[in-house]
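Data from protein-v5.cif: mmCIF, C-alpha atoms
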```
data_start
#
loop_
_atom_site.group_PDB
_atom_site.id
_atom_site.type_symbol
_atom_site.label_atom_id
_atom_site.label_comp_id
_atom_site.auth_asym_id
_atom_site.auth_seq_id
_atom_site.Cartn_x
_atom_site.Cartn_y
_atom_site.Cartn_z
ATOM 1 C CA MET A 1 97.392 93.571 96.942
ATOM 2 C CA ILE A 2 95.193 90.747 95.707
ATOM 3 C CA GLU A 3 93.800 91.490 92.249
ATOM 4 C CA SER A 4 92.428 88.169 91.021
ATOM 5 C CA PRO A 5 91.117 84.798 92.158
ATOM 6 C CA LYS A 6 94.403 83.300 90.954
ATOM 7 C CA MET A 7 96.363 85.558 93.313
ATOM 8 C CA ALA A 8 93.934 84.730 96.149
ATOM 9 C CA LYS A 9 94.425 80.981 95.586
ATOM 10 C CA LYS A 10 98.175 81.526 95.679
ATOM 11 C CA ALA A 11 97.875 83.496 98.942
ATOM 12 C CA VAL A 12 95.807 80.696 100.490
ATOM 13 C CA SER A 13 98.446 78.147 99.415
ATOM 14 C CA TYR A 14 101.122 80.137 101.251
ATOM 15 C CA CYS A 15 99.152 79.606 104.479
ATOM 16 C CA ARG A 16 98.667 75.835 104.239
ATOM 17 C CA PHE A 17 101.078 72.940 104.564
ATOM 18 C CA PRO A 18 101.512 70.450 101.705
ATOM 19 C CA PRO A 19 99.642 68.854 100.069
ATOM 20 C CA GLU A 20 96.950 71.594 100.457
ATOM 21 C CA GLY A 21 99.505 74.375 100.078
ATOM 22 C CA ILE A 22 103.177 75.264 99.847
ATOM 23 C CA ARG A 23 103.814 76.685 103.319
ATOM 24 C CA GLY A 24 107.193 75.756 104.732
ATOM 25 C CA SER A 25 106.901 72.879 107.148
ATOM 26 C CA ALA A 26 109.313 73.805 109.926
ATOM 27 C CA HIS A 27 106.375 73.469 112.271
ATOM 28 C CA THR A 28 108.504 72.228 115.165
ATOM 29 C CA VAL A 29 110.335 75.542 115.479
ATOM 30 C CA VAL A 30 107.552 78.115 115.128
ATOM 31 C CA ARG A 31 105.603 79.932 117.798
ATOM 32 C CA ALA A 32 102.237 78.735 116.412
ATOM 33 C CA SER A 33 103.103 75.146 117.445
ATOM 34 C CA ASP A 34 104.527 76.286 120.779
ATOM 35 C CA TYR A 35 107.925 75.518 119.254
ATOM 36 C CA GLY A 36 107.012 71.890 118.687
ATOM 37 C CA ILE A 37 105.442 71.299 122.090
ATOM 38 C CA ASP A 38 101.868 71.253 120.694
ATOM 39 C CA GLU A 39 101.787 67.745 119.254
ATOM 40 C CA GLY A 40 98.321 68.288 117.769
ATOM 41 C CA TYR A 41 99.318 71.405 115.852
ATOM 42 C CA LEU A 42 99.522 69.762 112.422
ATOM 43 C CA SER A 43 96.166 68.068 112.783
ATOM 44 C CA ASN A 44 94.290 71.250 113.737
ATOM 45 C CA TYR A 45 96.308 74.231 112.477
ATOM 46 C CA ALA A 46 93.904 74.863 109.569
ATOM 47 C CA GLU A 47 90.981 75.342 111.971
ATOM 48 C CA GLU A 48 92.774 78.267 113.586
ATOM 49 C CA LEU A 49 93.861 80.030 110.396
ATOM 50 C CA LEU A 50 92.369 83.352 109.407
ATOM 51 C CA ILE A 51 93.271 84.016 105.810
ATOM 52 C CA MET A 52 92.684 87.585 104.694
ATOM 53 C CA CYS A 53 93.243 89.032 101.249
ATOM 54 C CA GLN A 54 93.421 92.768 100.775
ATOM 55 C CA VAL A 55 91.707 94.465 97.826
ATOM 56 C CA GLU A 56 93.292 97.835 97.174
ATOM 57 C CA SER A 57 93.221 98.436 93.420
ATOM 58 C CA GLU A 58 90.630 98.944 90.699
ATOM 59 C CA GLU A 59 91.521 95.541 89.262
ATOM 60 C CA GLY A 60 90.915 93.926 92.644
ATOM 61 C CA VAL A 61 87.566 95.692 92.951
ATOM 62 C CA LYS A 62 86.495 94.291 89.568
ATOM 63 C CA LYS A 63 87.275 90.776 90.834
ATOM 64 C CA ALA A 64 86.178 91.222 94.467
ATOM 65 C CA GLU A 65 83.314 88.725 94.262
ATOM 66 C CA GLU A 66 85.540 86.062 92.675
ATOM 67 C CA ILE A 67 88.324 86.711 95.203
ATOM 68 C CA SER A 68 85.831 86.421 98.061
ATOM 69 C CA ALA A 69 84.561 83.093 96.710
ATOM 70 C CA VAL A 70 88.007 81.420 96.670
ATOM 71 C CA ASP A 71 88.081 78.402 98.980
ATOM 72 C CA GLY A 72 90.130 79.293 102.042
ATOM 73 C CA VAL A 73 89.667 83.071 101.889
ATOM 74 C CA ASP A 74 87.986 83.947 105.176
ATOM 75 C CA CYS A 75 87.988 87.721 104.903
ATOM 76 C CA VAL A 76 88.591 90.364 102.267
ATOM 77 C CA GLN A 77 90.092 93.511 103.731
ATOM 78 C CA MET A 78 89.494 96.763 101.899
ATOM 79 C CA GLY A 79 92.447 99.123 101.469
ATOM 80 C CA PRO A 80 90.905 102.583 100.951
ATOM 81 C CA LEU A 81 94.149 104.580 100.879
ATOM 82 C CA ASP A 82 95.833 102.357 98.313
ATOM 83 C CA LEU A 83 92.605 102.149 96.298
ATOM 84 C CA SER A 84 92.379 105.935 96.208
ATOM 85 C CA ALA A 85 96.021 106.144 95.102
ATOM 86 C CA SER A 86 95.507 103.538 92.361
ATOM 87 C CA MET A 87 92.591 105.608 91.071
ATOM 88 C CA GLY A 88 94.642 108.807 90.918
ATOM 89 C CA TYR A 89 93.339 110.301 94.170
ATOM 90 C CA LEU A 90 96.397 109.914 96.361
ATOM 91 C CA TRP A 91 95.466 110.573 100.003
ATOM 92 C CA ASP A 92 91.822 111.227 99.146
ATOM 93 C CA PRO A 93 89.921 108.058 100.096
ATOM 94 C CA GLY A 94 86.822 110.202 100.673
ATOM 95 C CA HIS A 95 86.632 111.215 97.000
ATOM 96 C CA LYS A 96 83.221 110.446 95.495
ATOM 97 C CA LYS A 97 84.656 108.102 92.848
ATOM 98 C CA VAL A 98 86.688 106.193 95.444
ATOM 99 C CA ARG A 99 83.660 105.805 97.710
ATOM 100 C CA GLU A 100 81.643 104.503 94.749
ATOM 101 C CA MET A 101 84.380 101.985 93.939
ATOM 102 C CA MET A 102 84.465 100.890 97.593
ATOM 103 C CA ARG A 103 80.704 100.205 97.491
ATOM 104 C CA VAL A 104 81.104 98.082 94.350
ATOM 105 C CA SER A 105 83.844 96.048 96.023
ATOM 106 C CA GLU A 106 81.952 95.694 99.312
ATOM 107 C CA LYS A 107 78.907 94.291 97.525
ATOM 108 C CA GLY A 108 81.110 91.885 95.574
ATOM 109 C CA VAL A 109 82.859 90.613 98.686
ATOM 110 C CA LEU A 110 79.589 90.031 100.513
ATOM 111 C CA LYS A 111 78.086 88.269 97.496
ATOM 112 C CA GLY A 112 81.192 86.064 97.200
ATOM 113 C CA GLY A 113 80.805 84.842 100.775
ATOM 114 C CA ALA A 114 83.874 86.028 102.697
ATOM 115 C CA TYR A 115 83.741 88.371 105.654
ATOM 116 C CA LEU A 116 84.316 92.019 104.867
ATOM 117 C CA GLY A 117 87.041 93.865 106.758
ATOM 118 C CA GLY A 118 88.385 97.381 106.628
ATOM 119 C CA PHE A 119 89.584 100.545 108.260
ATOM 120 C CA ALA A 120 87.436 103.255 109.788
ATOM 121 C CA MET A 121 88.290 106.627 108.285
ATOM 122 C CA PRO A 122 87.333 110.177 109.295
ATOM 123 C CA HIS A 123 84.724 110.257 106.502
ATOM 124 C CA ASP A 124 83.615 106.626 107.038
ATOM 125 C CA GLY A 125 83.290 105.629 110.688
ATOM 126 C CA PRO A 126 82.998 102.170 112.234
ATOM 127 C CA ILE A 127 79.213 102.378 112.599
ATOM 128 C CA ASP A 128 78.885 103.195 108.892
ATOM 129 C CA LEU A 129 81.120 100.255 108.003
ATOM 130 C CA LYS A 130 79.121 97.899 110.205
ATOM 131 C CA ALA A 131 75.897 99.057 108.551
ATOM 132 C CA ARG A 132 77.338 98.078 105.153
ATOM 133 C CA GLY A 133 78.237 94.560 106.305
ATOM 134 C CA TYR A 134 81.771 94.858 107.644
ATOM 135 C CA ARG A 135 82.529 92.191 110.249
ATOM 136 C CA MET A 136 86.090 93.324 111.062
ATOM 137 C CA VAL A 137 86.793 97.024 111.532
ATOM 138 C CA SER A 138 90.097 98.574 112.543
ATOM 139 C CA GLY A 139 89.338 101.839 114.289
ATOM 140 C CA THR A 140 92.961 102.817 114.504
ATOM 141 C CA VAL A 141 96.364 101.271 113.983
ATOM 142 C CA ASP A 142 99.453 101.371 116.166
ATOM 143 C CA VAL A 143 101.441 103.566 113.786
ATOM 144 C CA GLY A 144 98.634 106.130 113.793
ATOM 145 C CA LEU A 145 98.523 106.128 117.588
ATOM 146 C CA PHE A 146 102.296 106.564 117.830
ATOM 147 C CA ARG A 147 102.215 109.358 115.248
ATOM 148 C CA SER A 148 99.407 111.170 117.084
ATOM 149 C CA ALA A 149 101.239 110.845 120.407
ATOM 150 C CA ALA A 150 104.484 112.149 118.902
ATOM 151 C CA VAL A 151 102.771 115.097 117.188
ATOM 152 C CA ASP A 152 100.961 115.938 120.427
ATOM 153 C CA ASP A 153 104.232 115.698 122.354
ATOM 154 C CA VAL A 154 105.967 118.099 119.960
ATOM 155 C CA ARG A 155 102.993 120.485 120.104
ATOM 156 C CA LYS A 156 103.130 120.510 123.930
ATOM 157 C CA PHE A 157 106.862 121.086 123.853
ATOM 158 C CA LYS A 158 106.531 124.020 121.454
ATOM 159 C CA MET A 159 103.760 125.503 123.574
ATOM 160 C CA SER A 160 105.903 125.174 126.697
ATOM 161 C CA LEU A 161 108.682 127.110 124.984
ATOM 162 C CA ILE A 162 106.288 129.922 124.108
ATOM 163 C CA GLN A 163 104.775 129.934 127.579
ATOM 164 C CA GLY A 164 108.193 129.325 129.135
ATOM 165 C CA SER A 165 109.575 132.652 127.969
ATOM 166 C CA ASP A 166 107.054 134.422 130.221
ATOM 167 C CA ASP A 167 107.317 131.818 132.988
ATOM 168 C CA GLU A 168 111.093 132.179 133.247
ATOM 169 C CA ALA A 169 110.755 135.801 134.216
ATOM 170 C CA GLU A 170 108.058 134.969 136.749
ATOM 171 C CA ASP A 171 109.466 131.942 138.555
ATOM 172 C CA GLY A 172 113.046 131.597 137.299
ATOM 173 C CA LYS A 173 112.365 128.101 135.865
ATOM 174 C CA ASP A 174 113.405 127.035 132.434
ATOM 175 C CA GLY A 175 110.506 126.148 130.064
ATOM 176 C CA ASP A 176 112.186 122.801 129.256
ATOM 177 C CA ASP A 177 112.174 121.792 132.946
ATOM 178 C CA LYS A 178 108.479 122.582 133.149
ATOM 179 C CA TYR A 179 107.707 120.469 130.103
ATOM 180 C CA TRP A 180 109.665 117.422 131.214
ATOM 181 C CA SER A 181 108.284 117.459 134.730
ATOM 182 C CA GLU A 182 104.674 117.100 133.528
#
```
Please express the file's structure as structure tokens.
Amino acid sequence: MIESPKMAKKAVSYCRFPPEGIRGSAHTVVRASDYGIDEGYLSNYAEELLIMCQVESEEGVKKAEEISAVDGVDCVQMGPLDLSASMGYLWDPGHKKVREMMRVSEKGVLKGGAYLGGFAMPHDGPIDLKARGYRMVSGTVDVGLFRSAAVDDVRKFKMSLIQGSDDEAEDGKDGDDKYWSE
């Protein structure tokens, strides 16, 4: 939820060790340094950082170009669901006004110089995003995959119960056994 260049500078500082930032310096006990085994970690950690700021409000959209231009910001990630909610269109990222606001932000980010990142949506697929200059596109996220799998599992189970009532009479098997043996 980055809404200004000041917030972006602060976010960048949280990713860098002093004196360039304020990140905690317990570098000998973190996975990134192989728990202190990588002796060159401190001299090259900044080269391997990817610092992303997410724009997901109208205020952030207004400042997208300035946020994108902050030294150290590599990518600005668009948050279409939160943007739609902040505009009064909760769960409607495809609303015309939200799409217009997304285009304003996208142009600002690209003009500011950072990479543009975002999420493919049913109304805005990965090819469309790429055509508008997105360099990082999430086609799906793990929570969405888990949700879809769980919903599908429940649907199959319910269908097996409906079908199972007829099957029980035919083969003497319980509908639950049929479902779990698949």
Select, from A:Cys53, A:Ala69, A:Ala114, A:Val61, the residue with the minimum atom-to-atom distance to Met101 in chain A, counting all atoms listed in the file.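 Among the listed residues, A:Val61 lies closest to Met101 in chain A.
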Could you work out how far CA of Arg99 in chain A lies from CA of Met87 in chain A, giving the answer in Å with one decimal?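 About the pair CA of Met87 in chain A and CA of Arg99 in chain A: they are 11.1 Å apart.
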For the file shown, what are the residues hit by the PyMOL selection byres ((chain A and resi 3) around 6), laid out as JSON, numbers by chain? {"A": [2, 4, 59, 60]}
What does the distance from CA of Met102 in chain A to CA of Glu66 in chain A come to in Å, to one decimal?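 These two atoms are separated by 15.7 Å.
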Which residues fall under the PyMOL selection byres ((chain A and resi 137-148) around 12) in this file, as a ChimeraX atom specification? /A:75-79,115-122,124-136,149-155
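Once the PyMOL selection byres ((chain A and resi 110-113) around 6) is applied to the shown structure, the selection contains Glu65, Ser68, Ala69, Lys107, Gly108, Val109 and Ala114 of chain A.
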Env of Arg23 in chain A: 12 Å cut, atoms = all atoms listed in the file, seq-sep filter 3 positions within chain, self excluded. Answer as a PyMOL selection string. chain A and resi 10-20+26-27+46
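Among the candidates A:Met159, A:Arg31, A:Gly40, A:Asp82, the residue lying nearest to Glu58 in chain A is A:Asp82 (atoms considered: only C-alpha atoms).
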Hey, could you pull the box centre and edge lengths for range 129-132 of chain A, axis-aligned, 3 Å padding per side, all listed atoms, to one decimal in Å, as lines of an AutoDock Vina configuration file?
```
center_x = 78.5
center_y = 99.1
center_z = 107.7
size_x = 11.2
size_y = 8.4
size_z = 11.1
```
Å distance separating CA of Ser57 in chain A from CA of Leu83 in chain A, one decimal place: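 For CA of Ser57 in chain A relative to CA of Leu83 in chain A, the distance reads 4.7 Å.
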Complete range 127-153 of chain A at the level of N, CA and C atoms, written as an mmCIF file, in the coordinates of the input.
```cif
data_model
loop_
_atom_site.group_PDB
_atom_site.id
_atom_site.type_symbol
_atom_site.label_atom_id
_atom_site.label_comp_id
_atom_site.auth_asym_id
_atom_site.auth_seq_id
_atom_site.Cartn_x
_atom_site.Cartn_y
_atom_site.Cartn_z
ATOM 1 N N ILE A 127 80.649 102.675 112.629
ATOM 2 C CA ILE A 127 79.213 102.378 112.599
ATOM 3 C C ILE A 127 78.726 102.317 111.155
ATOM 4 N N ASP A 128 79.238 103.216 110.317
ATOM 5 C CA ASP A 128 78.885 103.195 108.892
ATOM 6 C C ASP A 128 79.358 101.901 108.233
ATOM 7 N N LEU A 129 80.579 101.487 108.568
ATOM 8 C CA LEU A 129 81.120 100.255 108.003
ATOM 9 C C LEU A 129 80.284 99.055 108.434
ATOM 10 N N LYS A 130 79.940 99.004 109.701
ATOM 11 C CA LYS A 130 79.121 97.899 110.205
ATOM 12 C C LYS A 130 77.786 97.842 109.471
ATOM 13 N N ALA A 131 77.196 98.998 109.236
ATOM 14 C CA ALA A 131 75.897 99.057 108.551
ATOM 15 C C ALA A 131 75.985 98.511 107.125
ATOM 16 N N ARG A 132 77.167 98.579 106.523
ATOM 17 C CA ARG A 132 77.338 98.078 105.153
ATOM 18 C C ARG A 132 77.804 96.627 105.125
ATOM 19 N N GLY A 133 77.920 95.981 106.280
ATOM 20 C CA GLY A 133 78.237 94.560 106.305
ATOM 21 C C GLY A 133 79.636 94.190 106.736
ATOM 22 N N TYR A 134 80.419 95.163 107.170
ATOM 23 C CA TYR A 134 81.771 94.858 107.644
ATOM 24 C C TYR A 134 81.683 94.066 108.942
ATOM 25 N N ARG A 135 82.485 93.021 109.038
ATOM 26 C CA ARG A 135 82.529 92.191 110.249
ATOM 27 C C ARG A 135 83.808 92.444 111.048
ATOM 28 N N MET A 136 84.824 92.987 110.396
ATOM 29 C CA MET A 136 86.090 93.324 111.062
ATOM 30 C C MET A 136 86.408 94.777 110.729
ATOM 31 N N VAL A 137 86.528 95.603 111.750
ATOM 32 C CA VAL A 137 86.793 97.024 111.532
ATOM 33 C C VAL A 137 87.961 97.438 112.419
ATOM 34 N N SER A 138 88.972 98.008 111.793
ATOM 35 C CA SER A 138 90.097 98.574 112.543
ATOM 36 C C SER A 138 89.800 100.051 112.737
ATOM 37 N N GLY A 139 89.639 100.447 113.995
ATOM 38 C CA GLY A 139 89.338 101.839 114.289
ATOM 39 C C GLY A 139 90.577 102.709 114.243
ATOM 40 N N THR A 140 91.688 102.112 114.566
ATOM 41 C CA THR A 140 92.961 102.817 114.504
ATOM 42 C C THR A 140 94.056 101.764 114.415
ATOM 43 N N VAL A 141 95.228 102.192 114.061
ATOM 44 C CA VAL A 141 96.364 101.271 113.983
ATOM 45 C C VAL A 141 97.496 101.826 114.823
ATOM 46 N N ASP A 142 98.396 100.959 115.246
ATOM 47 C CA ASP A 142 99.453 101.371 116.166
ATOM 48 C C ASP A 142 100.303 102.517 115.624
ATOM 49 N N VAL A 143 100.614 102.501 114.350
ATOM 50 C CA VAL A 143 101.441 103.566 113.786
ATOM 51 C C VAL A 143 100.717 104.907 113.903
ATOM 52 N N GLY A 144 99.414 104.901 113.656
ATOM 53 C CA GLY A 144 98.634 106.130 113.793
ATOM 54 C C GLY A 144 98.621 106.646 115.219
ATOM 55 N N LEU A 145 98.506 105.726 116.177
ATOM 56 C CA LEU A 145 98.523 106.128 117.588
ATOM 57 C C LEU A 145 99.881 106.711 117.968
ATOM 58 N N PHE A 146 100.948 106.059 117.530
ATOM 59 C CA PHE A 146 102.296 106.564 117.830
ATOM 60 C C PHE A 146 102.510 107.932 117.192
ATOM 61 N N ARG A 147 102.063 108.084 115.941
ATOM 62 C CA ARG A 147 102.215 109.358 115.248
ATOM 63 C C ARG A 147 101.473 110.449 116.000
ATOM 64 N N SER A 148 100.213 110.178 116.364
ATOM 65 C CA SER A 148 99.407 111.170 117.084
ATOM 66 C C SER A 148 100.065 111.557 118.406
ATOM 67 N N ALA A 149 100.576 110.566 119.129
ATOM 68 C CA ALA A 149 101.239 110.845 120.407
ATOM 69 C C ALA A 149 102.481 111.698 120.198
ATOM 70 N N ALA A 150 103.261 111.380 119.166
ATOM 71 C CA ALA A 150 104.484 112.149 118.902
ATOM 72 C C ALA A 150 104.152 113.579 118.492
ATOM 73 N N VAL A 151 103.165 113.755 117.624
ATOM 74 C CA VAL A 151 102.771 115.097 117.188
ATOM 75 C C VAL A 151 102.267 115.904 118.382
ATOM 76 N N ASP A 152 101.467 115.264 119.236
ATOM 77 C CA ASP A 152 100.961 115.938 120.427
ATOM 78 C C ASP A 152 102.101 116.324 121.369
ATOM 79 N N ASP A 153 103.071 115.437 121.509
ATOM 80 C CA ASP A 153 104.232 115.698 122.354
ATOM 81 C C ASP A 153 105.013 116.915 121.843
#
```
